Amino acid sequence: MAFAEVTARYEQSGFVHLPAFLDQHELVQLRQITARFHQQWLIENQNFYRQRAINSAYLTHVDRMPAEDRHNMFAIIGSAKMATAVYPLLPDGGAFMNTQLFFDPANPQQKNYWHRDTQYLYSPAEEQALLGSTRVLHYRLALYDEPGIELIEGSHKYWDSPEELDVRLARNGRESHQDLSRGQVIALNAGDLLVFDAAMMHRGLYGNNRFALDVLFCEVRQDLLQHVEAKCLPDDALLSQLDFPAPFAASRLSQRQTP
Ligand SMILES: O=C(O)CCC(=O)C(=O)O
């Protein structure tokens, strides 16, 4: 998809679906790297997993990933190809926030939930006032075919309808997993990239033993980057080997500016 089209689609919808983004080699590498990470994570987080977990995070932590895996993962998420999906939405290359791995809940009865990522940081009034002012983006790389994500198109700019707000906040007798008429399902095939705005209204769709790697990029802003984990960032040697070092270099720089 051309640069201008990625920008235009995001501006209008809040998300961009790029099918078959990863090549077979990248897909195989990411499957192997994330499987090794997940195996260890399950051992260390058995209770959390059994109770309710649907994702892990901090995959690139230097203490949690073997050096070779780390190198290979950064080579993919810091590739020239990734740059083609980041620059149209973050013109200075943005900054790297974190990685997350999404999987199915252990309990098949566990329900998904509509949310905006911002609702965990702000009151609804604050969220509404801030809508559209902050760019934090999920870059979801589907590692296997999966049901995908359901989104409310345009909700990165527009506020919830009264019904959507009740469902999202599970109030007035509504629950956060209930279907919404404006929901748009984006099913993903292995290797697809779905970029979506973290502030838009969305829910994960569980099933098919999903396994998806989310890379979070954001605009370069100190308040957004203050919680970035230093040990998840590449060092100088690794950074110098990346074709697209900009977001990782920006995150490292912000570390030095945090008091
Ligand atoms: O895939 C999921 O379960 C939810 C994903 C999500 O909500 C997110 O990435 O913020």
# chains A, B, ... in the order shown; residues from 1 in each chain; ligands from 1

call {"tool": "residues_around", "arguments": {"residues": "segment 163-180 of chain A", "least_positions_apart": "6", "cutoff": "9 Å", "atoms": "only C-alpha atoms", "output": "ChimeraX atom specification"}}
result
/A:111-116,119,152,201,203

call {"tool": "residues_around", "arguments": {"residues": "segment 14-23 of chain A", "least_positions_apart": "2", "cutoff": "10 Å", "atoms": "only C-alpha atoms", "output": "number ranges by chain"}}
result
A: 1, 5-12, 25-28, 30, 76, 81-82, 85, 132, 137-143, 151-157, 186-201

call {"tool": "closest_residue", "arguments": {"among": "A:Asn72, A:Gln24, A:Thr118, A:Ser13", "to": "ligand 1", "atoms": "only C-alpha atoms and all ligand atoms"}}
result
A:Thr118

call {"tool": "residues_around", "arguments": {"residues": "segment 208-211 of chain A", "least_positions_apart": "5", "cutoff": "7 Å", "atoms": "only C-alpha atoms", "output": "MDAnalysis selection string"}}
result
chainID A and resid 101:104 142:144 146

call {"tool": "write_last_selection", "arguments": {"atoms": "C-alpha atoms", "output": "CSV table (one decimal), in the first residue's frame"}}
result
chain,number,residue,atom,x,y,z
A,101,LEU,CA,2.1,-11.1,23.0
A,102,PHE,CA,-1.6,-11.9,22.8
A,103,PHE,CA,-3.0,-15.4,23.2
A,104,ASP,CA,-6.3,-17.1,24.2
A,142,ALA,CA,-0.6,-12.1,13.4
A,143,LEU,CA,1.7,-15.1,13.8
A,144,TYR,CA,-1.1,-17.6,12.9
A,146,GLU,CA,-6.8,-15.6,14.0

call {"tool": "select_by_dssp", "arguments": {"residues": "segment 149-239 of chain A", "states": "helix (DSSP H, G or I)", "output": "PyMOL selection string"}}
result
chain A and resi 162-168+222-225+230-232+236-239

call {"tool": "write_last_selection", "arguments": {"atoms": "N, CA and C atoms", "output": "PDB file, in the first residue's frame"}}
result
ATOM      1  N   PRO A 162     -24.061   6.663  23.087  1.00  0.00           N
ATOM      2  CA  PRO A 162     -24.474   6.342  24.470  1.00  0.00           C
ATOM      3  C   PRO A 162     -24.436   4.839  24.737  1.00  0.00           C
ATOM      4  N   GLU A 163     -24.872   4.043  23.776  1.00  0.00           N
ATOM      5  CA  GLU A 163     -24.857   2.584  23.985  1.00  0.00           C
ATOM      6  C   GLU A 163     -23.426   2.067  24.079  1.00  0.00           C
ATOM      7  N   GLU A 164     -22.562   2.557  23.211  1.00  0.00           N
ATOM      8  CA  GLU A 164     -21.169   2.103  23.220  1.00  0.00           C
ATOM      9  C   GLU A 164     -20.489   2.453  24.545  1.00  0.00           C
ATOM     10  N   LEU A 165     -20.797   3.622  25.054  1.00  0.00           N
ATOM     11  CA  LEU A 165     -20.189   4.038  26.322  1.00  0.00           C
ATOM     12  C   LEU A 165     -20.665   3.145  27.473  1.00  0.00           C
ATOM     13  N   ASP A 166     -21.958   2.833  27.463  1.00  0.00           N
ATOM     14  CA  ASP A 166     -22.486   1.948  28.515  1.00  0.00           C
ATOM     15  C   ASP A 166     -21.827   0.570  28.454  1.00  0.00           C
ATOM     16  N   VAL A 167     -21.669   0.049  27.246  1.00  0.00           N
ATOM     17  CA  VAL A 167     -21.056  -1.281  27.098  1.00  0.00           C
ATOM     18  C   VAL A 167     -19.586  -1.223  27.512  1.00  0.00           C
ATOM     19  N   ARG A 168     -18.878  -0.256  27.012  1.00  0.00           N
ATOM     20  CA  ARG A 168     -17.435  -0.164  27.304  1.00  0.00           C
ATOM     21  C   ARG A 168     -17.174  -0.017  28.797  1.00  0.00           C
ATOM     22  N   GLN A 222       7.719  12.854  26.049  1.00  0.00           N
ATOM     23  CA  GLN A 222       8.312  12.370  27.287  1.00  0.00           C
ATOM     24  C   GLN A 222       7.294  11.677  28.213  1.00  0.00           C
ATOM     25  N   ASP A 223       6.084  12.258  28.291  1.00  0.00           N
ATOM     26  CA  ASP A 223       5.097  11.657  29.201  1.00  0.00           C
ATOM     27  C   ASP A 223       4.677  10.255  28.747  1.00  0.00           C
ATOM     28  N   LEU A 224       4.701  10.016  27.433  1.00  0.00           N
ATOM     29  CA  LEU A 224       4.333   8.686  26.935  1.00  0.00           C
ATOM     30  C   LEU A 224       5.471   7.685  27.131  1.00  0.00           C
ATOM     31  N   LEU A 225       6.676   8.222  27.176  1.00  0.00           N
ATOM     32  CA  LEU A 225       7.847   7.339  27.175  1.00  0.00           C
ATOM     33  C   LEU A 225       8.449   7.120  28.562  1.00  0.00           C
ATOM     34  N   ALA A 230      14.047   0.358  30.181  1.00  0.00           N
ATOM     35  CA  ALA A 230      15.362   0.523  29.539  1.00  0.00           C
ATOM     36  C   ALA A 230      15.925  -0.807  29.058  1.00  0.00           C
ATOM     37  N   LYS A 231      15.676  -1.853  29.834  1.00  0.00           N
ATOM     38  CA  LYS A 231      16.258  -3.152  29.487  1.00  0.00           C
ATOM     39  C   LYS A 231      15.565  -3.820  28.299  1.00  0.00           C
ATOM     40  N   CYS A 232      14.504  -3.203  27.809  1.00  0.00           N
ATOM     41  CA  CYS A 232      13.841  -3.726  26.603  1.00  0.00           C
ATOM     42  C   CYS A 232      14.374  -3.075  25.334  1.00  0.00           C
ATOM     43  N   ASP A 236      23.853   0.080  21.861  1.00  0.00           N
ATOM     44  CA  ASP A 236      24.457   0.782  20.720  1.00  0.00           C
ATOM     45  C   ASP A 236      24.793  -0.165  19.564  1.00  0.00           C
ATOM     46  N   ALA A 237      25.397  -1.306  19.921  1.00  0.00           N
ATOM     47  CA  ALA A 237      25.851  -2.236  18.880  1.00  0.00           C
ATOM     48  C   ALA A 237      24.658  -2.749  18.074  1.00  0.00           C
ATOM     49  N   LEU A 238      23.609  -3.114  18.773  1.00  0.00           N
ATOM     50  CA  LEU A 238      22.422  -3.646  18.099  1.00  0.00           C
ATOM     51  C   LEU A 238      21.718  -2.544  17.304  1.00  0.00           C
ATOM     52  N   LEU A 239      21.626  -1.391  17.921  1.00  0.00           N
ATOM     53  CA  LEU A 239      20.975  -0.251  17.251  1.00  0.00           C
ATOM     54  C   LEU A 239      21.654   0.051  15.905  1.00  0.00           C
TER      55      LEU A 239
END

call {"tool": "closest_residue", "arguments": {"among": "A:Ala246, A:Val228, A:Leu233, A:Ala83", "to": "Thr60 of chain A", "atoms": "only C-alpha atoms"}}
result
A:Leu233

call {"tool": "closest_residue", "arguments": {"among": "A:Tyr49, A:Tyr158, A:Tyr206, A:Phe217", "to": "ligand 1", "atoms": "only C-alpha atoms and all ligand atoms"}}
result
A:Tyr206

call {"tool": "closest_residue", "arguments": {"among": "A:Asn55, A:Gln226, A:Thr84, A:Gln257", "to": "ligand 1", "atoms": "only C-alpha atoms and all ligand atoms"}}
result
A:Asn55

call {"tool": "residues_around", "arguments": {"residues": "Gln51 of chain A", "least_positions_apart": "5", "cutoff": "9 Å", "atoms": "only C-alpha atoms", "output": "PyMOL selection string"}}
result
chain A and resi 46+105-107

call {"tool": "write_last_selection", "arguments": {"atoms": "N, CA and C atoms", "output": "PDB file, in the first residue's frame"}}
result
ATOM      1  N   GLN A  46       2.102 -19.048  35.968  1.00  0.00           N
ATOM      2  CA  GLN A  46       1.047 -20.070  35.900  1.00  0.00           C
ATOM      3  C   GLN A  46      -0.289 -19.606  36.449  1.00  0.00           C
ATOM      4  N   PRO A 105      -7.365 -16.886  26.357  1.00  0.00           N
ATOM      5  CA  PRO A 105      -7.423 -17.146  27.798  1.00  0.00           C
ATOM      6  C   PRO A 105      -7.492 -18.651  28.060  1.00  0.00           C
ATOM      7  N   ALA A 106      -6.955 -19.067  29.218  1.00  0.00           N
ATOM      8  CA  ALA A 106      -6.979 -20.495  29.566  1.00  0.00           C
ATOM      9  C   ALA A 106      -8.419 -20.983  29.698  1.00  0.00           C
ATOM     10  N   ASN A 107      -9.283 -20.127  30.210  1.00  0.00           N
ATOM     11  CA  ASN A 107     -10.695 -20.473  30.399  1.00  0.00           C
ATOM     12  C   ASN A 107     -11.477 -20.094  29.140  1.00  0.00           C
TER      13      ASN A 107
END
